[in-house]
Structures are given as structure tokens and as C-alpha cells.
>>> print(open('query-v7.pdb').read())   # PDB, C-alpha atoms
MODEL        1
ATOM      1  CA  MET A   1      23.315  25.212 -10.186
ATOM      2  CA  GLU A   2      20.065  25.502  -8.230
ATOM      3  CA  THR A   3      19.015  22.132  -6.803
ATOM      4  CA  ASP A   4      15.988  20.708  -5.023
ATOM      5  CA  PHE A   5      18.138  19.613  -2.086
ATOM      6  CA  GLU A   6      21.657  20.027  -0.841
ATOM      7  CA  ALA A   7      21.868  16.369   0.175
ATOM      8  CA  LEU A   8      20.089  13.234  -0.974
ATOM      9  CA  VAL A   9      20.392  10.349   1.483
ATOM     10  CA  VAL A  10      19.531   7.021  -0.133
ATOM     11  CA  GLY A  11      18.361   4.692   2.635
ATOM     12  CA  GLY A  12      16.550   5.362   5.892
ATOM     13  CA  ALA A  13      17.803   2.736   8.335
ATOM     14  CA  ALA A  14      20.587   3.144  10.915
ATOM     15  CA  ALA A  15      23.182   4.863   8.713
ATOM     16  CA  GLY A  16      20.783   7.010   6.721
ATOM     17  CA  LEU A  17      18.790   8.235   9.720
ATOM     18  CA  SER A  18      21.983   8.971  11.646
ATOM     19  CA  ALA A  19      23.315  10.971   8.696
ATOM     20  CA  ALA A  20      20.043  12.861   8.294
ATOM     21  CA  LEU A  21      20.054  13.806  11.977
ATOM     22  CA  VAL A  22      23.509  15.370  11.695
ATOM     23  CA  LEU A  23      22.666  17.084   8.402
ATOM     24  CA  GLY A  24      19.370  18.425   9.707
ATOM     25  CA  ARG A  25      21.000  19.842  12.811
ATOM     26  CA  ALA A  26      23.474  21.575  10.472
ATOM     27  CA  ARG A  27      20.515  23.042   8.530
ATOM     28  CA  VAL A  28      21.370  21.193   5.347
ATOM     29  CA  ARG A  29      18.351  20.775   3.034
ATOM     30  CA  THR A  30      18.135  16.993   3.021
ATOM     31  CA  LEU A  31      15.870  14.413   1.416
ATOM     32  CA  VAL A  32      15.912  10.845   2.761
ATOM     33  CA  VAL A  33      14.460   8.262   0.381
ATOM     34  CA  ASP A  34      13.868   4.899   2.023
ATOM     35  CA  ALA A  35      12.700   1.656   0.431
ATOM     36  CA  GLY A  36      11.728   0.210   3.829
ATOM     37  CA  GLU A  37      13.834  -2.953   3.533
ATOM     38  CA  PRO A  38      16.626  -2.803   6.134
ATOM     39  CA  SER A  39      18.726  -5.958   6.186
ATOM     40  CA  ASN A  40      17.929  -6.542   9.881
ATOM     41  CA  ARG A  41      14.163  -6.128   9.539
ATOM     42  CA  SER A  42      13.522  -9.786  10.453
ATOM     43  CA  ALA A  43      15.596  -9.637  13.644
ATOM     44  CA  PRO A  44      13.537  -9.403  16.849
ATOM     45  CA  ALA A  45      16.189  -7.268  18.558
ATOM     46  CA  ILE A  46      19.420  -5.358  18.020
ATOM     47  CA  GLY A  47      22.395  -6.695  19.933
ATOM     48  CA  GLY A  48      25.370  -4.680  21.135
ATOM     49  CA  LEU A  49      23.995  -1.153  20.656
ATOM     50  CA  LEU A  50      24.787   1.039  23.651
ATOM     51  CA  GLY A  51      21.630   2.177  25.432
ATOM     52  CA  GLN A  52      19.425   0.208  23.007
ATOM     53  CA  ASP A  53      20.577  -3.391  23.478
ATOM     54  CA  GLY A  54      17.537  -5.581  22.847
ATOM     55  CA  THR A  55      15.500  -2.881  21.098
ATOM     56  CA  SER A  56      13.794  -4.045  17.921
ATOM     57  CA  PRO A  57      15.000  -2.530  14.640
ATOM     58  CA  ALA A  58      11.494  -1.273  13.892
ATOM     59  CA  ARG A  59      11.299   0.568  17.211
ATOM     60  CA  LEU A  60      14.742   2.133  16.796
ATOM     61  CA  TYR A  61      14.057   3.353  13.273
ATOM     62  CA  ALA A  62      10.623   4.693  14.234
ATOM     63  CA  ALA A  63      12.226   6.705  17.045
ATOM     64  CA  GLY A  64      14.841   8.018  14.621
ATOM     65  CA  ARG A  65      12.229   9.103  12.091
ATOM     66  CA  GLU A  66      10.236  10.806  14.840
ATOM     67  CA  GLN A  67      13.281  12.849  15.844
ATOM     68  CA  LEU A  68      13.822  13.932  12.256
ATOM     69  CA  THR A  69      10.320  15.415  12.046
ATOM     70  CA  GLU A  70      11.534  18.147  14.414
ATOM     71  CA  LEU A  71      14.151  19.294  11.894
ATOM     72  CA  PRO A  72      12.596  21.595   9.272
ATOM     73  CA  THR A  73      15.298  21.042   6.635
ATOM     74  CA  VAL A  74      14.872  17.252   6.518
ATOM     75  CA  GLU A  75      12.241  15.500   4.412
ATOM     76  CA  LEU A  76      11.520  11.778   4.667
ATOM     77  CA  ARG A  77      10.027   9.965   1.713
ATOM     78  CA  GLU A  78       9.191   6.329   1.035
ATOM     79  CA  GLY A  79      10.473   5.176  -2.316
ATOM     80  CA  VAL A  80      13.270   3.664  -4.342
ATOM     81  CA  VAL A  81      16.092   5.536  -6.045
ATOM     82  CA  THR A  82      16.626   3.701  -9.317
ATOM     83  CA  GLY A  83      19.521   5.743 -10.641
ATOM     84  CA  VAL A  84      21.787   8.722 -10.022
ATOM     85  CA  GLU A  85      23.759  10.621 -12.618
ATOM     86  CA  PRO A  86      25.982  13.693 -12.452
ATOM     87  CA  ALA A  87      24.272  16.706 -14.025
ATOM     88  CA  GLY A  88      26.150  19.760 -12.799
ATOM     89  CA  ALA A  89      25.163  18.429  -9.397
ATOM     90  CA  PHE A  90      23.314  15.085  -9.301
ATOM     91  CA  ARG A  91      20.008  14.022 -10.810
ATOM     92  CA  ALA A  92      18.300  11.090  -9.125
ATOM     93  CA  THR A  93      15.442   9.116 -10.615
ATOM     94  CA  LEU A  94      12.874   7.509  -8.335
ATOM     95  CA  ALA A  95      10.697   4.517  -9.090
ATOM     96  CA  GLY A  96       7.705   5.942 -10.895
ATOM     97  CA  GLY A  97       9.790   8.361 -12.932
ATOM     98  CA  GLU A  98      10.109  11.389 -10.623
ATOM     99  CA  THR A  99      13.494  13.117 -10.685
ATOM    100  CA  ILE A 100      15.111  15.275  -8.025
ATOM    101  CA  THR A 101      18.412  17.148  -7.972
ATOM    102  CA  ALA A 102      20.919  17.404  -5.139
ATOM    103  CA  ARG A 103      24.383  18.835  -4.660
ATOM    104  CA  ARG A 104      25.611  15.784  -2.763
ATOM    105  CA  ILE A 105      24.656  12.095  -2.548
ATOM    106  CA  LEU A 106      24.993   9.864   0.501
ATOM    107  CA  ILE A 107      24.521   6.171  -0.257
ATOM    108  CA  ALA A 108      23.200   4.379   2.817
ATOM    109  CA  GLY A 109      20.867   1.840   1.276
ATOM    110  CA  GLY A 110      22.692  -1.065   2.854
ATOM    111  CA  MET A 111      23.311  -4.531   1.505
ATOM    112  CA  ARG A 112      21.243  -7.658   0.986
ATOM    113  CA  TYR A 113      22.087 -11.007   2.595
ATOM    114  CA  ARG A 114      22.520 -13.917   0.205
ATOM    115  CA  VAL A 115      20.804 -16.449   2.429
ATOM    116  CA  PRO A 116      21.397 -20.023   1.201
ATOM    117  CA  ASP A 117      18.441 -21.535  -0.605
ATOM    118  CA  VAL A 118      17.515 -24.113   2.023
ATOM    119  CA  PRO A 119      13.827 -24.741   2.769
ATOM    120  CA  GLY A 120      12.859 -23.180   6.109
ATOM    121  CA  LEU A 121      15.992 -21.070   6.500
ATOM    122  CA  SER A 122      14.523 -17.702   5.518
ATOM    123  CA  ALA A 123      11.803 -18.096   8.166
ATOM    124  CA  LEU A 124      14.479 -18.453  10.866
ATOM    125  CA  TRP A 125      16.673 -15.645   9.559
ATOM    126  CA  GLY A 126      17.638 -12.944  12.074
ATOM    127  CA  ASP A 127      16.627 -14.993  15.114
ATOM    128  CA  ARG A 128      17.523 -18.702  15.203
ATOM    129  CA  ALA A 129      19.636 -18.346  12.064
ATOM    130  CA  PHE A 130      22.199 -15.562  12.037
ATOM    131  CA  ALA A 131      25.413 -14.389  10.396
ATOM    132  CA  CYS A 132      26.876 -12.002  12.976
ATOM    133  CA  PRO A 133      27.878 -13.592  16.310
ATOM    134  CA  TYR A 134      28.342 -10.161  17.902
ATOM    135  CA  CYS A 135      24.728  -9.312  17.088
ATOM    136  CA  HIS A 136      23.098 -12.604  18.114
ATOM    137  CA  GLY A 137      25.667 -14.802  19.844
ATOM    138  CA  TRP A 138      24.719 -13.676  23.357
ATOM    139  CA  GLU A 139      21.120 -14.785  22.856
ATOM    140  CA  HIS A 140      22.391 -18.299  22.017
ATOM    141  CA  ARG A 141      25.109 -18.568  24.641
ATOM    142  CA  ASP A 142      25.778 -22.103  25.926
ATOM    143  CA  GLN A 143      23.368 -23.520  23.335
ATOM    144  CA  LYS A 144      24.027 -25.998  20.544
ATOM    145  CA  ILE A 145      24.929 -24.022  17.421
ATOM    146  CA  ALA A 146      25.306 -25.593  13.989
ATOM    147  CA  ILE A 147      27.671 -23.817  11.598
ATOM    148  CA  PHE A 148      26.217 -23.963   8.097
ATOM    149  CA  GLY A 149      28.648 -23.517   5.211
ATOM    150  CA  GLY A 150      32.178 -24.635   4.456
ATOM    151  CA  SER A 151      34.252 -21.461   4.086
ATOM    152  CA  GLY A 152      36.353 -19.935   6.849
ATOM    153  CA  LEU A 153      35.498 -22.640   9.353
ATOM    154  CA  GLU A 154      38.556 -22.242  11.578
ATOM    155  CA  HIS A 155      37.831 -18.530  11.929
ATOM    156  CA  ARG A 156      34.148 -18.973  12.729
ATOM    157  CA  VAL A 157      34.726 -21.828  15.150
ATOM    158  CA  ALA A 158      37.223 -19.707  17.081
ATOM    159  CA  LEU A 159      34.760 -16.819  17.251
ATOM    160  CA  LEU A 160      31.736 -18.844  18.279
ATOM    161  CA  ARG A 161      33.603 -20.581  21.091
ATOM    162  CA  SER A 162      33.318 -17.296  22.987
ATOM    163  CA  TRP A 163      29.603 -18.057  23.283
ATOM    164  CA  THR A 164      29.388 -21.848  23.353
ATOM    165  CA  SER A 165      31.490 -24.992  23.250
ATOM    166  CA  ASP A 166      28.610 -27.041  21.802
ATOM    167  CA  LEU A 167      29.279 -26.667  18.073
ATOM    168  CA  VAL A 168      28.765 -28.803  14.989
ATOM    169  CA  VAL A 169      29.599 -28.087  11.339
ATOM    170  CA  LEU A 170      27.018 -28.830   8.657
ATOM    171  CA  ALA A 171      29.082 -29.441   5.515
ATOM    172  CA  ASN A 172      25.953 -29.964   3.376
ATOM    173  CA  GLY A 173      27.370 -32.693   1.188
ATOM    174  CA  GLU A 174      30.867 -31.252   0.909
ATOM    175  CA  PRO A 175      33.964 -32.848   2.470
ATOM    176  CA  ALA A 176      35.323 -30.885   5.426
ATOM    177  CA  ASP A 177      38.022 -31.296   8.035
ATOM    178  CA  ASN A 178      37.276 -31.075  11.725
ATOM    179  CA  PRO A 179      38.095 -27.427  12.433
ATOM    180  CA  GLY A 180      39.390 -27.090  15.954
ATOM    181  CA  GLY A 181      38.122 -30.556  16.791
ATOM    182  CA  VAL A 182      34.492 -29.620  16.114
ATOM    183  CA  PRO A 183      32.437 -32.542  14.732
ATOM    184  CA  VAL A 184      31.399 -32.345  11.084
ATOM    185  CA  ASP A 185      28.185 -33.737   9.590
ATOM    186  CA  GLU A 186      28.695 -34.058   5.810
ATOM    187  CA  ARG A 187      25.160 -35.145   4.946
ATOM    188  CA  PRO A 188      23.251 -32.872   2.530
ATOM    189  CA  VAL A 189      20.741 -30.677   4.357
ATOM    190  CA  ALA A 190      17.158 -31.019   3.118
ATOM    191  CA  SER A 191      15.475 -28.375   5.306
ATOM    192  CA  VAL A 192      15.593 -26.640   8.648
ATOM    193  CA  ALA A 193      12.944 -25.816  11.222
ATOM    194  CA  PRO A 194      12.993 -24.297  14.721
ATOM    195  CA  GLY A 195      15.365 -26.497  16.714
ATOM    196  CA  LEU A 196      15.828 -29.052  13.963
ATOM    197  CA  VAL A 197      17.946 -29.832  10.897
ATOM    198  CA  ARG A 198      16.586 -32.433   8.465
ATOM    199  CA  PHE A 199      18.957 -34.267   6.160
ATOM    200  CA  ALA A 200      18.369 -35.682   2.696
ATOM    201  CA  ASP A 201      18.832 -39.241   3.995
ATOM    202  CA  GLY A 202      15.899 -38.789   6.387
ATOM    203  CA  GLY A 203      18.018 -38.206   9.470
ATOM    204  CA  GLU A 204      17.565 -35.300  11.842
ATOM    205  CA  LEU A 205      19.737 -33.264  14.197
ATOM    206  CA  GLU A 206      18.493 -31.164  17.075
ATOM    207  CA  VAL A 207      20.154 -27.743  17.341
ATOM    208  CA  ASP A 208      19.246 -24.497  19.056
ATOM    209  CA  ALA A 209      20.538 -22.101  16.403
ATOM    210  CA  LEU A 210      22.299 -21.887  13.055
ATOM    211  CA  HIS A 211      25.313 -19.723  12.265
ATOM    212  CA  VAL A 212      25.150 -19.222   8.507
ATOM    213  CA  VAL A 213      27.597 -17.957   5.928
ATOM    214  CA  ALA A 214      25.451 -15.398   4.085
ATOM    215  CA  PRO A 215      27.605 -12.947   2.133
ATOM    216  CA  MET A 216      26.140  -9.525   1.451
ATOM    217  CA  ALA A 217      25.712  -7.868  -1.937
ATOM    218  CA  PRO A 218      24.657  -4.326  -2.857
ATOM    219  CA  ARG A 219      20.931  -3.743  -2.461
ATOM    220  CA  ASP A 220      20.816  -1.551  -5.548
ATOM    221  CA  GLY A 221      22.996  -0.618  -8.508
ATOM    222  CA  LEU A 222      23.940   2.880  -7.372
ATOM    223  CA  VAL A 223      27.537   2.089  -6.411
ATOM    224  CA  ASP A 224      28.225   0.487  -9.790
ATOM    225  CA  GLY A 225      26.175   3.077 -11.639
ATOM    226  CA  LEU A 226      28.273   5.898 -10.226
ATOM    227  CA  GLY A 227      31.485   4.025 -10.984
ATOM    228  CA  LEU A 228      32.670   4.027  -7.384
ATOM    229  CA  GLU A 229      35.774   2.160  -6.330
ATOM    230  CA  THR A 230      34.742  -0.967  -4.462
ATOM    231  CA  THR A 231      36.342  -3.673  -2.394
ATOM    232  CA  ASP A 232      35.424  -6.913  -0.679
ATOM    233  CA  SER A 233      34.951  -7.084   3.074
ATOM    234  CA  PRO A 234      34.070  -9.812   5.596
ATOM    235  CA  GLN A 235      30.466  -8.678   5.129
ATOM    236  CA  GLY A 236      30.325  -9.055   1.360
ATOM    237  CA  THR A 237      31.346  -7.936  -2.090
ATOM    238  CA  GLY A 238      30.872  -4.636  -3.874
ATOM    239  CA  VAL A 239      31.441  -2.522  -0.775
ATOM    240  CA  ALA A 240      32.115   1.136  -1.570
ATOM    241  CA  VAL A 241      35.601   2.316  -0.618
ATOM    242  CA  ALA A 242      35.129   5.359   1.634
ATOM    243  CA  ASP A 243      37.423   7.341   3.904
ATOM    244  CA  ARG A 244      36.766   8.150   7.562
ATOM    245  CA  PHE A 245      34.258  10.845   6.592
ATOM    246  CA  GLY A 246      32.453   8.720   4.036
ATOM    247  CA  ALA A 247      33.981  10.276   0.916
ATOM    248  CA  THR A 248      34.131   7.836  -1.997
ATOM    249  CA  SER A 249      36.190   7.857  -5.186
ATOM    250  CA  ALA A 250      33.578  10.064  -6.904
ATOM    251  CA  PRO A 251      33.478  13.759  -5.939
ATOM    252  CA  GLY A 252      30.295  14.635  -4.112
ATOM    253  CA  VAL A 253      29.351  11.036  -3.381
ATOM    254  CA  PHE A 254      29.496   9.685   0.175
ATOM    255  CA  ALA A 255      28.737   6.225   1.575
ATOM    256  CA  ALA A 256      27.852   4.888   5.017
ATOM    257  CA  GLY A 257      26.502   1.811   6.746
ATOM    258  CA  ASP A 258      26.758  -1.646   5.212
ATOM    259  CA  ALA A 259      27.228  -0.042   1.787
ATOM    260  CA  ALA A 260      30.603   1.082   3.162
ATOM    261  CA  GLY A 261      31.294  -2.134   5.121
ATOM    262  CA  ALA A 262      29.915  -1.146   8.545
ATOM    263  CA  GLY A 263      28.762  -4.642   9.523
ATOM    264  CA  ASN A 264      26.374  -3.863  12.403
ATOM    265  CA  VAL A 265      23.948  -1.212  13.651
ATOM    266  CA  ALA A 266      26.386   0.525  16.000
ATOM    267  CA  ALA A 267      28.951   0.895  13.226
ATOM    268  CA  ALA A 268      26.278   1.984  10.752
ATOM    269  CA  ILE A 269      25.163   4.787  13.059
ATOM    270  CA  ALA A 270      28.768   5.914  13.498
ATOM    271  CA  THR A 271      29.582   5.862   9.778
ATOM    272  CA  GLY A 272      26.362   7.720   9.009
ATOM    273  CA  SER A 273      27.256  10.459  11.460
ATOM    274  CA  LEU A 274      30.804  10.787  10.109
ATOM    275  CA  ALA A 275      29.671  10.749   6.476
ATOM    276  CA  ALA A 276      27.185  13.519   7.210
ATOM    277  CA  THR A 277      29.977  15.550   8.777
ATOM    278  CA  GLY A 278      32.130  15.019   5.705
ATOM    279  CA  LEU A 279      29.268  15.906   3.375
ATOM    280  CA  HIS A 280      28.491  19.116   5.270
ATOM    281  CA  ARG A 281      32.134  20.149   5.225
ATOM    282  CA  SER A 282      32.292  19.576   1.496
ATOM    283  CA  LEU A 283      29.393  22.022   1.067
ATOM    284  CA  VAL A 284      30.747  24.829   3.214
ATOM    285  CA  LEU A 285      34.482  24.195   2.770
ATOM    286  CA  PRO A 286      34.642  22.914  -0.828
ATOM    287  CA  GLU A 287      38.370  23.582  -1.072
ATOM    288  CA  GLN A 288      39.059  21.140   1.762
ATOM    289  CA  PRO A 289      39.766  17.472   0.993
TER     290      PRO A 289
ENDMDL
END
>>> encode(input="query-v7.pdb", output="C-alpha cells")
Amino acid sequence: METDFEALVVGGAAAGLSAALVLGRARVRTLVVDAGEPSNRSAPAIGGLLGQDGTSPARLYAAGREQLTELPTVELREGVVTGVEPAGAFRATLAGGETITARRILIAGGMRYRVPDVPGLSALWGDRAFACPYCHGWEHRDQKIAIFGGSGLEHRVALLRSWTSDLVVLANGEPADNPGGVPVDERPVASVAPGLVRFADGGELEVDALHVVAPMAPRDGLVDGLGLETTDSPQGTGVAVADRFGATSAPGVFAAGDAAGAGNVAAAIATGSLAATGLHRSLVLPEQP
């Protein structure tokens, strides 16, 4: 059937922009719809990205969008895709009621952190409070880091010791063993502020940073709506199962970035590039797996 686009990329952060770059260079008619809410938008810098270590997410994504303007088959649009349904190809509905059709769908809308509901924590998120030690551990090397949350303590203690030996576990009112000999403070946490944890009993603890268990969940309902096979990953639940080239359990649907369990910007860029390659091949070599 005739469609508005050959590819609809849902999400315009690291994975989506990377995919659109590959698709545009392959002359695939591509629409990128971006809600403008990347999960790392509050982080002051990206850590561990070759050639861009320390670059802010906003600057990286702006540079990516600027490159895409040079590709005549790629269109960028701000908006939210509220639903996708098979209709010969695919029909996507945008917030506001507009519909567009595409032969292929690439889900790259990312995931949303479930940050614990502790007063002051959201204001520190992405800088002094972080989930990924590979993204932010270097910036807090040799500092005092409090580990907030009781699950997987042995694992996280072992990881964080690569950056600092000054660790403390905040059990937040739950009993906890001393993982790896690290001291545990079981008092309920009342709030956090830059450099400070305040407890419900009125006590305080000075820390430089917080490592927080903040599982990720799908940002939208597209994965469930399309009936894709999902799995759980260290990053979160509801992650789309995708092969090396981003192909999911539904024909014509691809996934990349955190939606496919990438975990960081470097991996998101890589999965976006590979998913775009797989999508393009499915258009020109439809008999190939």
C-alpha cells in the first residue's frame, strides 16, 4: 500500500537520531517524532561516549538534529505517538488526532526512571544522584557515595568500589546486612539535599553523591500495544526483545535504545544504527530474515 513514510522513528534522542541518520543516508523516507523528554535530560554531561565525553545531552542531540537537516528524506517533528496499529502497513496516531502511515516502525522512545519518592531527590537526579556508575562514577571518584535502596547491594558495592572506597548503604528503614563490609544506616530517610541526607529522627549525614536504585519502565504503551515480546533487564522491566539488527517479535517493528535495553548513550547510538540497518534491509530485501 502507498504510505506517507517508509519508516516512522518514535523518539529523537540518541537511538532515534542515530537510526534516522543511517536511514536518511540510505534515502529512506523517514519521519522522526520526538516528545522531547530523553531520560538523561537532567544530566549535565554524558559520560563514556567516545569523542563526546563530557558533552551535555542537549548539545549532542542538537548537533544530531542539525546533521539530519542535510538529509532530504528525513523529517523531524515534535510530538507524541499515542498509538500504532497494523493497517496493511502501520497507522500511527499522534497526540492531537493526526494519523500517519509507514511501512516500518522503529521504537526508540526510551524508558522512564522510577526515581524513589524522596523529597529533594528529583532535583539532584542525573548529577549528584545517579543510577549508572559507568555514566557518572568518574565524576564522583574518591568521594563519599551513599547507596540508596536495598536490592542487589553486593553487586552495586562491588561495582562502585572501582570509583571509591568511601561507601555507605542507606537502608531507609529496612533491615540490611553489611554488604562487603560497607556500613549500613537503617534510619528512614526524610529528604536529601546537595551534600546532605536528612533522616526522619532529625539526624543528618554528609555525602557527596547518591547511587540510587531507579528501575526503568516504558515511556509509552507502544511496546505493549503492538504485542511485542518483552523481557526484564538490569535497566528495567518491559524491555522489547530485539535481535542484533533491532527486529522484534512483530514483523516490521524494530526497537533500539533503552526500549531495547541499551542502558547508556553509547549503546543507544549503536543499537539505533544497527536497527536502522535492519529496517532498511527489510525494505529492500524483504525475503531476508
>>> resolve_selection(input="query-v7.pdb", expression="the PyMOL selection byres ((chain A and resi 166-181) around 7)", output="ChimeraX atom specification")
/A:143-150,153-154,164-165,182-189
>>> resolve_selection(input="query-v7.pdb", expression="the PyMOL selection byres ((chain A and resi 111) around 6)", output="PyMOL selection string")
chain A and resi 110+112+216-219+258-259
>>> resolve_selection(input="query-v7.pdb", expression="the PyMOL selection byres ((chain A and resi 7) around 12)", output="ChimeraX atom specification")
/A:3-6,8-10,16,19-20,22-24,26-33,73-75,89-92,100-107,252-254,275-280,282-283
>>> closest_atom_pairs(input="query-v7.pdb", of="range 37-114 of chain A", to="range 226-239 of chain A", cutoff="9 Å", atoms="all atoms listed in the file", output="Markdown table")
| residue | atom | partner | partner_atom | distance |
| --- | --- | --- | --- | --- |
| A:Gly83 | CA | A:Leu226 | CA | 8.8 |
| A:Val84 | CA | A:Leu226 | CA | 7.1 |
| A:Glu85 | CA | A:Leu226 | CA | 7.0 |
| A:Pro86 | CA | A:Leu226 | CA | 8.4 |
| A:Met111 | CA | A:Gly236 | CA | 8.3 |
| A:Tyr113 | CA | A:Gly236 | CA | 8.6 |
>>> atom_distance(input="query-v7.pdb", atom1="CA of Arg161 in chain A", atom2="CA of Asp208 in chain A")
15.0 Å
